[in-house]
Every structure is written in structure tokens, then in C-alpha cells.
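run.txt, holding compact mmCIF, C-alpha atoms:
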# COMPACT_ATOMS: atom_id res chain seq x y z
CA MET C 1 0.00 0.00 0.00
CA SER C 2 1.45 3.38 -0.97
CA PRO C 3 1.97 5.98 1.78
CA PRO C 4 -0.53 8.83 2.11
CA SER C 5 0.31 11.83 -0.04
CA GLN C 6 0.30 14.11 2.98
CA PRO C 7 1.00 12.44 6.36
CA SER C 8 -0.65 13.98 9.39
CA SER C 9 2.71 15.34 10.56
CA VAL C 10 3.06 17.29 7.30
CA ARG C 11 -0.46 18.70 7.60
CA GLN C 12 0.25 19.73 11.16
CA ALA C 13 3.52 21.35 10.15
CA ARG C 14 1.78 23.33 7.39
CA GLU C 15 -0.92 24.41 9.82
CA ALA C 16 1.76 25.48 12.31
CA LEU C 17 3.51 27.51 9.61
CA GLY C 18 0.20 29.14 8.69
CA LYS C 19 -0.35 30.02 12.33
CA ARG C 20 3.05 31.71 12.45
CA LEU C 21 2.17 33.74 9.34
CA ARG C 22 -1.08 34.78 10.99
CA GLU C 23 0.78 35.86 14.14
CA VAL C 24 3.21 37.94 12.06
CA ARG C 25 0.28 39.62 10.29
CA LYS C 26 -1.63 40.35 13.48
CA ALA C 27 1.48 41.77 15.12
CA SER C 28 1.68 44.26 12.26
CA GLY C 29 -1.92 45.36 12.81
CA LEU C 30 -3.02 44.34 9.32
CA THR C 31 -6.13 42.38 8.39
CA GLY C 32 -5.87 39.52 5.95
CA ARG C 33 -7.70 41.60 3.36
CA ALA C 34 -5.33 44.54 3.82
CA LEU C 35 -2.25 42.35 3.49
CA ALA C 36 -3.63 40.74 0.32
CA ALA C 37 -4.32 44.17 -1.16
CA LYS C 38 -0.77 45.36 -0.47
CA ALA C 39 0.63 42.12 -1.94
CA GLY C 40 -1.60 42.25 -5.01
CA TRP C 41 -3.23 38.93 -4.13
CA HIS C 42 -6.82 37.78 -4.00
CA GLU C 43 -7.77 37.90 -0.33
CA SER C 44 -8.50 34.14 -0.37
CA LYS C 45 -4.77 33.51 -0.84
CA SER C 46 -3.97 35.04 2.54
CA SER C 47 -6.59 32.79 4.12
CA ARG C 48 -5.25 29.66 2.39
CA LEU C 49 -1.70 30.43 3.51
CA GLU C 50 -2.75 31.08 7.12
CA ASN C 51 -4.80 27.89 7.30
CA GLY C 52 -2.09 25.69 5.82
CA LYS C 53 -4.16 24.90 2.74
CA THR C 54 -1.57 26.30 0.32
CA PRO C 55 2.19 25.95 0.92
CA PRO C 56 3.88 29.37 0.60
CA SER C 57 6.68 29.93 -1.89
CA ASP C 58 9.89 31.69 -0.85
CA GLU C 59 8.63 34.82 -2.59
CA ASP C 60 5.27 34.62 -0.78
CA ILE C 61 7.12 34.62 2.55
CA ARG C 62 9.41 37.49 1.55
CA THR C 63 6.38 39.53 0.48
CA TRP C 64 4.50 38.67 3.68
CA THR C 65 7.33 39.63 6.03
CA ARG C 66 8.19 42.77 4.06
CA ILE C 67 4.62 44.07 4.22
CA CYS C 68 4.43 43.19 7.92
CA HIS C 69 7.84 44.78 8.64
CA ALA C 70 9.04 41.43 9.98
CA GLN C 71 12.02 40.74 7.72
CA HIS C 72 13.87 39.28 10.72
CA GLU C 73 11.48 36.31 10.46
CA THR C 74 12.08 35.69 6.75
CA ALA C 75 14.98 33.21 6.83
CA ASP C 76 13.44 31.08 9.56
CA LEU C 77 10.04 30.94 7.85
CA ILE C 78 11.59 30.03 4.48
CA ALA C 79 13.65 27.26 6.06
CA THR C 80 10.52 25.93 7.74
CA ALA C 81 8.50 25.97 4.52
CA ARG C 82 11.25 24.26 2.52
CA GLY C 83 11.60 21.51 5.07
CA ILE C 84 7.94 20.54 5.45
CA ASP C 85 7.49 18.29 2.42
CA GLY C 86 10.73 16.46 3.03
CA MET C 87 10.63 16.48 6.81
CA TYR C 88 8.84 13.15 7.29
CA VAL C 89 9.83 10.27 5.03
CA GLU C 90 8.55 6.77 5.70
CA TRP C 91 11.24 4.09 5.85
CA ARG C 92 9.24 1.75 3.61
CA ARG C 93 9.16 4.36 0.88
CA VAL C 94 12.88 5.19 0.91
CA GLU C 95 13.89 1.54 1.32
CA SER C 96 11.66 0.24 -1.46
CA ALA C 97 14.50 0.64 -3.97
CA GLY C 98 16.93 -1.24 -1.75
CA LEU C 99 19.09 -0.60 1.29
CA ARG C 100 22.21 0.16 -0.73
CA ARG C 101 20.55 3.21 -2.26
CA VAL C 102 19.52 4.43 1.20
CA GLN C 103 23.14 4.18 2.40
CA GLU C 104 24.49 5.95 -0.67
CA SER C 105 21.88 8.70 -0.53
CA VAL C 106 23.37 10.26 2.62
CA LEU C 107 26.95 10.39 1.31
CA PRO C 108 26.69 13.96 -0.10
CA LEU C 109 25.45 15.19 3.29
CA PHE C 110 28.37 13.50 5.05
CA LEU C 111 30.90 14.89 2.60
CA ARG C 112 29.78 18.51 3.00
CA THR C 113 29.46 18.37 6.80
CA ARG C 114 32.39 19.44 8.97
CA TRP C 115 30.90 19.07 12.47
CA PHE C 116 28.95 15.92 13.28
CA ARG C 117 27.01 15.37 16.50
CA PHE C 118 25.37 11.97 16.99
CA TYR C 119 23.17 10.86 19.88
CA GLN C 120 22.20 7.18 19.90
CA SER C 121 19.68 5.66 22.27
CA GLN C 122 19.11 2.50 20.19
CA VAL C 123 22.19 1.11 18.43
CA ILE C 124 25.89 1.84 17.85
CA PRO C 125 26.19 4.81 15.44
CA GLY C 126 26.74 3.78 11.83
CA LEU C 127 30.14 5.43 11.50
CA LEU C 128 31.38 3.34 14.44
CA GLN C 129 29.92 -0.02 13.41
CA THR C 130 31.79 -3.16 12.42
CA GLU C 131 30.82 -5.00 9.26
CA HIS C 132 29.16 -7.87 11.16
CA TYR C 133 27.19 -5.52 13.42
CA THR C 134 25.94 -3.60 10.37
CA ARG C 135 24.98 -6.85 8.67
CA ALA C 136 22.98 -7.97 11.72
CA MET C 137 21.18 -4.63 11.87
CA LEU C 138 20.29 -4.51 8.19
CA SER C 139 19.13 -8.13 8.24
CA THR C 140 16.62 -7.12 10.91
CA VAL C 141 15.45 -4.19 8.76
CA VAL C 142 14.83 -6.57 5.85
CA ALA C 143 12.90 -8.96 8.06
CA LEU C 144 10.74 -6.33 9.75
CA ARG C 145 10.00 -4.05 6.81
CA GLU C 146 10.06 -6.57 3.93
CA VAL C 147 12.36 -4.50 1.75
CA PRO C 148 14.78 -5.73 -0.98
CA ALA C 149 17.52 -7.84 0.59
CA ASP C 150 20.59 -6.23 -1.01
CA ILE C 151 22.40 -6.54 2.30
CA ASP C 152 25.91 -7.16 0.96
CA ASP C 153 25.87 -3.99 -1.15
CA ALA C 154 24.30 -1.97 1.66
CA VAL C 155 26.93 -3.12 4.18
CA THR C 156 29.71 -2.21 1.76
CA ALA C 157 28.21 1.25 1.21
CA ARG C 158 27.86 1.96 4.94
CA ILE C 159 31.32 0.71 5.90
CA SER C 160 32.98 2.62 3.05
CA ARG C 161 31.57 5.87 4.49
CA GLN C 162 33.70 5.44 7.59
CA HIS C 163 36.80 6.72 5.81
CA ILE C 164 35.68 10.26 6.64
CA LEU C 165 36.58 9.62 10.29
CA HIS C 166 40.23 9.73 9.24
CA ALA C 167 40.08 12.12 6.28
CA GLY C 168 40.84 15.26 8.29
CA GLY C 169 39.03 18.58 8.46
CA ARG C 170 36.05 17.21 10.41
CA ARG C 171 34.96 16.83 14.04
CA PHE C 172 32.82 14.00 15.38
CA ALA C 173 31.02 13.95 18.72
CA PHE C 174 29.22 10.72 19.62
CA LEU C 175 26.95 10.19 22.62
CA ILE C 176 25.73 6.67 23.36
CA GLU C 177 23.44 5.49 26.13
CA GLU C 178 25.09 2.71 28.16
CA TRP C 179 22.16 0.36 27.51
CA VAL C 180 23.09 0.45 23.80
CA LEU C 181 26.40 -1.20 24.76
CA ARG C 182 24.49 -3.97 26.52
CA SER C 183 21.88 -4.63 23.82
CA VAL C 184 23.13 -7.67 21.89
CA ILE C 185 22.77 -7.11 18.15
CA GLY C 186 23.47 -10.31 16.22
CA SER C 187 25.45 -12.83 18.25
CA SER C 188 27.47 -12.34 21.43
CA GLU C 189 30.62 -12.65 19.30
CA THR C 190 29.39 -9.93 16.96
CA MET C 191 28.65 -7.68 19.91
CA GLU C 192 32.00 -8.33 21.60
CA ASN C 193 33.92 -7.51 18.41
CA GLN C 194 31.84 -4.36 18.03
CA LEU C 195 32.63 -3.19 21.54
CA VAL C 196 36.35 -3.92 21.16
CA HIS C 197 36.26 -1.90 17.93
CA LEU C 198 34.54 0.93 19.80
CA ILE C 199 37.31 1.06 22.40
CA GLY C 200 39.88 1.32 19.61
CA LEU C 201 38.05 4.25 18.03
CA THR C 202 38.41 6.32 21.21
CA ALA C 203 42.01 6.93 20.09
CA THR C 204 40.91 8.55 16.83
CA PRO C 205 41.98 12.25 17.04
CA ALA C 206 38.83 13.72 15.49
CA VAL C 207 36.43 11.57 17.53
CA SER C 208 34.89 12.38 20.91
CA LEU C 209 32.99 9.44 22.38
CA GLY C 210 30.77 9.91 25.41
CA VAL C 211 28.81 7.19 27.18
CA ILE C 212 25.82 8.12 29.33
CA PRO C 213 25.88 5.75 32.32
CA MET C 214 22.76 3.91 33.43
CA GLY C 215 21.60 5.16 36.80
CA VAL C 216 23.03 8.65 36.39
CA ALA C 217 20.78 11.54 37.47
CA ARG C 218 19.34 12.76 34.18
CA GLY C 219 18.51 16.34 35.15
CA ASN C 220 17.52 18.10 31.93
CA ALA C 221 19.18 15.42 29.78
CA TRP C 222 16.18 13.22 29.14
CA PRO C 223 16.56 10.19 26.84
CA ALA C 224 15.32 10.98 23.34
CA GLU C 225 14.96 9.47 19.90
CA SER C 226 18.30 8.94 18.20
CA PHE C 227 19.34 11.99 16.21
CA ALA C 228 22.24 13.48 14.27
CA ILE C 229 23.15 17.16 13.86
CA TYR C 230 25.07 18.11 10.72
CA ASP C 231 26.90 21.41 11.27
CA GLU C 232 24.14 23.90 12.18
CA LYS C 233 22.15 23.15 9.03
CA GLN C 234 20.20 19.92 9.46
CA VAL C 235 19.02 17.39 12.01
CA SER C 236 17.94 13.85 11.18
CA ALA C 237 15.93 11.97 13.82
CA GLU C 238 15.19 8.24 13.66
CA LEU C 239 11.60 7.21 14.34
CA VAL C 240 10.21 3.66 14.24
CA SER C 241 8.43 4.13 10.93
CA ALA C 242 10.13 7.14 9.40
CA CYS C 243 13.02 9.58 9.30
CA LEU C 244 12.39 13.15 10.42
CA THR C 245 14.51 15.87 8.82
CA VAL C 246 14.67 19.26 10.53
CA THR C 247 16.07 22.37 8.83
CA GLN C 248 14.36 25.17 10.76
CA PRO C 249 17.06 27.07 12.69
CA ARG C 250 14.95 27.33 15.84
CA GLU C 251 14.33 23.56 15.92
CA ILE C 252 17.97 22.78 15.16
CA ALA C 253 18.85 24.93 18.16
CA ASP C 254 16.49 22.83 20.31
CA TYR C 255 18.31 19.65 19.29
CA ALA C 256 21.70 21.30 19.86
CA LYS C 257 20.61 22.29 23.36
CA SER C 258 19.44 18.74 24.05
CA PHE C 259 22.78 17.39 22.81
CA THR C 260 24.65 19.75 25.13
CA GLU C 261 22.58 18.60 28.11
CA LEU C 262 23.17 14.95 27.23
CA ALA C 263 26.90 15.56 26.76
CA GLY C 264 27.01 17.07 30.22
CA ILE C 265 26.06 13.78 31.93
CA ALA C 266 28.23 11.53 29.73
CA VAL C 267 31.62 10.14 30.69
CA TYR C 268 34.63 10.17 28.40
CA GLY C 269 38.11 8.73 28.01
CA ALA C 270 39.08 6.08 30.55
CA ALA C 271 35.66 6.20 32.23
CA ALA C 272 33.88 5.55 28.91
CA ARG C 273 36.27 2.72 28.05
CA GLN C 274 35.57 1.17 31.44
CA LEU C 275 31.83 1.10 30.74
CA ILE C 276 32.47 -0.51 27.35
CA ALA C 277 34.80 -3.07 28.95
CA SER C 278 32.13 -3.84 31.55
CA ALA C 279 29.62 -4.49 28.76
CA ILE C 280 32.13 -6.88 27.15
CA ASP C 281 32.56 -8.74 30.46
CA ALA C 282 28.77 -9.04 30.77
CA LEU C 283 28.67 -11.02 27.52
CA GLY C 284 30.36 -13.86 29.39
Can you dump the structure from the file as C-alpha cells?
Amino acid sequence: MSPPSQPSSVRQAREALGKRLREVRKASGLTGRALAAKAGWHESKSSRLENGKTPPSDEDIRTWTRICHAQHETADLIATARGIDGMYVEWRRVESAGLRRVQESVLPLFLRTRWFRFYQSQVIPGLLQTEHYTRAMLSTVVALREVPADIDDAVTARISRQHILHAGGRRFAFLIEEWVLRSVIGSSETMENQLVHLIGLTATPAVSLGVIPMGVARGNAWPAESFAIYDEKQVSAELVSACLTVTQPREIADYAKSFTELAGIAVYGAAARQLIASAIDALG
């Protein structure tokens, strides 16, 4: 069954954008009819934009904010509008052409990013995975979502991306919940090799690896869905059924703040390696 043309999250996002446009207009003291007249639009267009019925173009937003003397809102509103249609993508849809294509599709984003921040509450981050761990993960994806089983090609594509860890000119900050270290993906042998590999990566100059211990007082650092921040330009969050892409500066700032809080309760260096070693010992 094909996915709905406009998921509820997209409709809600468009409605939220329309509400922001309405707030900008009201703050300027203009009625919808007056704004439409100044813009040279039919007054029904203002209503459609404010109710999320019609997605605004970049030029619509520039005109709206100029008339309302709210040009300081322009960039944020444009980023929000551009991100809505692509913000929520169902896994089944993107994986229907095969897992290799999914892995290759993110390579341009990785190549243009200079500062990576990854928070993982589910599995070891992809850039830190061993081949066998990746294979076990993708095999589960194939089984659960009934997508093409091009696992060998997909594993090769994901592992080949890891060269950027050593290519220079980039920074990588990884935060992993301790329970991720203790969740056995594949066999115990696969998990042990993965954890040994993780310890070795702590010596990589460009990599900062933090582990958030179980039992630590969370404070403001609540567990969250796994997410990645690419520079200050994009956030990708992993949901059960879909991937959420965020490009609105204000929302990116929210994720950055969450990452900072989580980083504040993590342990690093020898303390992080000790937690990883403890997880290895628990495998028996």
C-alpha cells in the first residue's frame, strides 16, 4: 500500500507555519484583506496560507514579512517551509529501492558536513559499526520491513563511508546510552567484536565518544529518539516508521541544546572505556 500523499505530521507542520504567518500579520496590525491588497493577491490567498491549505513559496514569505515589517522572520520561515514536504519520510518508501541506495543517498550530506554530533539511544552509530554488526542490523530491517535484501551492497556502502573519520578537516562527537552497549545485536561474538572496535576508536583524534551511564541523574538530559546534527544546518531523527529531517534554525537549536545537556552527563576517556569493557565482560 502506498503511503498517504500528505502524512498527518506534514499537515500539522503546514498548519503550524500558517499560524506563524497569521501571528506575524496580526502583530503588524493588518487584516488579511489589507495584506492581500498590499501584496496584489486575491484575499482568499492570505486565508489559504494562514490555514495551511496552500504551501507558501519563498517569494510569498518574503512579500508577507516585508509588508508586515518582519524581515527578521524571513529566513526562519523560508527554512521551515522548505523543510515541510521532506521532513517526514517513511522508511518503507525510501527503502523500497533497496538498502544500498539508502546508504548511498546520505553520502553527499556526510561529505559537506564538517561538524557531526550523533546521539544514539538505540544502536551503535553507523560510523562506528563493524561490518558484522551492520549486517545484523540490516538483516533485521529486511525482516521487519520486507524490503529488498541487497544486504551485501548496503553493508559495503555503509562501511565505506567510515573513511571520513580519518580524512581530516572534520569533528565527530558521539553520545551513546550505556544500555546500547548492553543490547546484543546479532550474536554475542558480533557484539563483543563491536565493543572492542569501539574502544579502539576512542584513540581517533577527530572523535569524541561519550557514554551516558545507566543510573546517572538525568537532570535536563532526558533520553530521546536517536538523532544526528550536521553542522548547524540539518538534524535527522530516527523514528520507528520514518526519518524526520529538521532544517528550521529554531528547531535545530532545540536539538543542539538537548545534545549539550546529554553531553554534560556523559563520561569520556578512561571512564567511557571502562563502561564498554564492563559491557564486554557481561557477555560472558
task = List every protein, DNA or RNA residue with an atom no more than 12 Å from (32.1, -6.8, 11.8) in the file's coordinates, counting all atoms listed in the file, and format the result as a count of residues only.
result = 28
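You can rank C:Thr247, C:Ser46, C:Thr204, C:Gln12 by their closest distance to Gly269 of chain C using all atoms listed in the file, and at the top of that list sits C:Thr204.
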request  = Please determine the residues with any atom at most 9 Å from (18.0, -1.1, -3.2) (coordinates as given in the file, with only C-alpha atoms counting) and report them as a ChimeraX atom specification.
outcome  = /C:95-102,147-151,153-154
request  = Extract, using only C-alpha atoms, all DNA, RNA and protein residues at most 12 Å from segment 53-60 of chain C, discarding same-chain residues fewer than 5 positions from it, and format them as a VMD selection string.
outcome  = chain C and resid 6 10 to 19 21 35 to 36 39 to 41 44 to 48 65 to 67 74 to 85
request  = Could you check which of C:Ile212, C:Ile199, C:Leu111, C:Ile124 is closest to Leu165 of chain C, using only C-alpha atoms?
outcome  = C:Leu111
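We find atom CA of Cys243 of chain C and atom CA of Tyr119 of chain C to be spaced 14.7 Å apart.
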Find the spatial neighbours of Leu109 of chain C, counting all atoms listed in the file, within a cut-off of 10 Å - ignore same-chain residues fewer than 4 positions away - and output them as an mmCIF file with C-alpha atoms, keeping the file's coordinate frame.
data_model
loop_
_atom_site.group_PDB
_atom_site.id
_atom_site.type_symbol
_atom_site.label_atom_id
_atom_site.label_comp_id
_atom_site.auth_asym_id
_atom_site.auth_seq_id
_atom_site.Cartn_x
_atom_site.Cartn_y
_atom_site.Cartn_z
ATOM 1 C CA SER C 105 21.880 8.700 -0.530
ATOM 2 C CA THR C 113 29.460 18.370 6.800
ATOM 3 C CA ARG C 114 32.390 19.440 8.970
ATOM 4 C CA TYR C 230 25.070 18.110 10.720
ATOM 5 C CA GLN C 234 20.200 19.920 9.460
#
message = Please report the interatomic distance between atom CA of Glu177 of chain C and atom CA of Val123 of chain C in Å with one decimal.
response =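 Between these atoms lies a distance of 8.9 Å.
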Would you mind completing segment 175-209 of chain C so that it carries N, CA and C atoms, and writing it out as an mmCIF file, in the coordinates of the input?
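Output file result_20.cif is given in full below:
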data_model
loop_
_atom_site.group_PDB
_atom_site.id
_atom_site.type_symbol
_atom_site.label_atom_id
_atom_site.label_comp_id
_atom_site.auth_asym_id
_atom_site.auth_seq_id
_atom_site.Cartn_x
_atom_site.Cartn_y
_atom_site.Cartn_z
ATOM 1 N N LEU C 175 27.494 10.482 21.303
ATOM 2 C CA LEU C 175 26.950 10.190 22.620
ATOM 3 C C LEU C 175 26.123 8.920 22.517
ATOM 4 N N ILE C 176 26.416 7.955 23.394
ATOM 5 C CA ILE C 176 25.730 6.670 23.360
ATOM 6 C C ILE C 176 25.219 6.353 24.765
ATOM 7 N N GLU C 177 23.970 5.956 24.857
ATOM 8 C CA GLU C 177 23.440 5.490 26.130
ATOM 9 C C GLU C 177 24.090 4.154 26.482
ATOM 10 N N GLU C 178 24.405 3.946 27.763
ATOM 11 C CA GLU C 178 25.090 2.710 28.160
ATOM 12 C C GLU C 178 24.290 1.467 27.785
ATOM 13 N N TRP C 179 22.938 1.556 27.825
ATOM 14 C CA TRP C 179 22.160 0.360 27.510
ATOM 15 C C TRP C 179 22.354 -0.089 26.065
ATOM 16 N N VAL C 180 22.781 0.835 25.184
ATOM 17 C CA VAL C 180 23.090 0.450 23.800
ATOM 18 C C VAL C 180 24.257 -0.536 23.789
ATOM 19 N N LEU C 181 25.232 -0.318 24.680
ATOM 20 C CA LEU C 181 26.400 -1.200 24.760
ATOM 21 C C LEU C 181 26.007 -2.590 25.221
ATOM 22 N N ARG C 182 24.892 -2.703 25.929
ATOM 23 C CA ARG C 182 24.490 -3.970 26.520
ATOM 24 C C ARG C 182 23.349 -4.647 25.750
ATOM 25 N N SER C 183 22.905 -4.027 24.670
ATOM 26 C CA SER C 183 21.880 -4.630 23.820
ATOM 27 C C SER C 183 22.582 -5.468 22.755
ATOM 28 N N VAL C 184 22.388 -6.766 22.794
ATOM 29 C CA VAL C 184 23.130 -7.670 21.890
ATOM 30 C C VAL C 184 22.479 -7.668 20.513
ATOM 31 N N ILE C 185 23.198 -7.112 19.554
ATOM 32 C CA ILE C 185 22.770 -7.110 18.150
ATOM 33 C C ILE C 185 23.530 -8.219 17.450
ATOM 34 N N GLY C 186 22.803 -9.148 16.800
ATOM 35 C CA GLY C 186 23.470 -10.310 16.220
ATOM 36 C C GLY C 186 23.821 -11.291 17.320
ATOM 37 N N SER C 187 25.004 -11.867 17.244
ATOM 38 C CA SER C 187 25.450 -12.830 18.250
ATOM 39 C C SER C 187 26.292 -12.150 19.316
ATOM 40 N N SER C 188 26.588 -12.872 20.393
ATOM 41 C CA SER C 188 27.470 -12.340 21.430
ATOM 42 C C SER C 188 28.849 -12.038 20.855
ATOM 43 N N GLU C 189 29.310 -12.884 19.926
ATOM 44 C CA GLU C 189 30.620 -12.650 19.300
ATOM 45 C C GLU C 189 30.609 -11.369 18.478
ATOM 46 N N THR C 190 29.531 -11.166 17.738
ATOM 47 C CA THR C 190 29.390 -9.930 16.960
ATOM 48 C C THR C 190 29.433 -8.716 17.866
ATOM 49 N N MET C 191 28.721 -8.811 18.988
ATOM 50 C CA MET C 191 28.650 -7.680 19.910
ATOM 51 C C MET C 191 30.002 -7.434 20.582
ATOM 52 N N GLU C 192 30.691 -8.506 20.962
ATOM 53 C CA GLU C 192 32.000 -8.330 21.600
ATOM 54 C C GLU C 192 32.984 -7.666 20.653
ATOM 55 N N ASN C 193 33.010 -8.123 19.395
ATOM 56 C CA ASN C 193 33.920 -7.510 18.410
ATOM 57 C C ASN C 193 33.572 -6.048 18.184
ATOM 58 N N GLN C 194 32.271 -5.745 18.203
ATOM 59 C CA GLN C 194 31.840 -4.360 18.030
ATOM 60 C C GLN C 194 32.330 -3.480 19.180
ATOM 61 N N LEU C 195 32.225 -3.976 20.381
ATOM 62 C CA LEU C 195 32.630 -3.190 21.540
ATOM 63 C C LEU C 195 34.146 -3.009 21.602
ATOM 64 N N VAL C 196 34.886 -4.049 21.229
ATOM 65 C CA VAL C 196 36.350 -3.920 21.160
ATOM 66 C C VAL C 196 36.725 -2.867 20.115
ATOM 67 N N HIS C 197 36.033 -2.902 18.992
ATOM 68 C CA HIS C 197 36.260 -1.900 17.930
ATOM 69 C C HIS C 197 35.967 -0.498 18.455
ATOM 70 N N LEU C 198 34.924 -0.371 19.250
ATOM 71 C CA LEU C 198 34.540 0.930 19.800
ATOM 72 C C LEU C 198 35.637 1.473 20.714
ATOM 73 N N ILE C 199 36.209 0.621 21.529
ATOM 74 C CA ILE C 199 37.310 1.060 22.400
ATOM 75 C C ILE C 199 38.470 1.581 21.562
ATOM 76 N N GLY C 200 38.788 0.882 20.483
ATOM 77 C CA GLY C 200 39.880 1.320 19.610
ATOM 78 C C GLY C 200 39.631 2.684 18.988
ATOM 79 N N LEU C 201 38.376 2.974 18.679
ATOM 80 C CA LEU C 201 38.050 4.250 18.030
ATOM 81 C C LEU C 201 38.185 5.438 18.974
ATOM 82 N N THR C 202 38.248 5.205 20.271
ATOM 83 C CA THR C 202 38.410 6.320 21.210
ATOM 84 C C THR C 202 39.766 6.995 21.044
ATOM 85 N N ALA C 203 40.688 6.339 20.336
ATOM 86 C CA ALA C 203 42.010 6.930 20.090
ATOM 87 C C ALA C 203 42.048 7.757 18.818
ATOM 88 N N THR C 204 40.959 7.772 18.066
ATOM 89 C CA THR C 204 40.910 8.550 16.830
ATOM 90 C C THR C 204 40.891 10.035 17.154
ATOM 91 N N PRO C 205 41.838 10.826 16.636
ATOM 92 C CA PRO C 205 41.980 12.250 17.040
ATOM 93 C C PRO C 205 40.721 13.085 16.861
ATOM 94 N N ALA C 206 39.985 12.858 15.781
ATOM 95 C CA ALA C 206 38.830 13.720 15.490
ATOM 96 C C ALA C 206 37.564 13.277 16.195
ATOM 97 N N VAL C 207 37.631 12.171 16.944
ATOM 98 C CA VAL C 207 36.430 11.570 17.530
ATOM 99 C C VAL C 207 36.361 11.810 19.030
ATOM 100 N N SER C 208 35.200 12.308 19.482
ATOM 101 C CA SER C 208 34.890 12.380 20.910
ATOM 102 C C SER C 208 33.760 11.395 21.162
ATOM 103 N N LEU C 209 33.991 10.446 22.073
ATOM 104 C CA LEU C 209 32.990 9.440 22.380
ATOM 105 C C LEU C 209 32.580 9.544 23.837
#
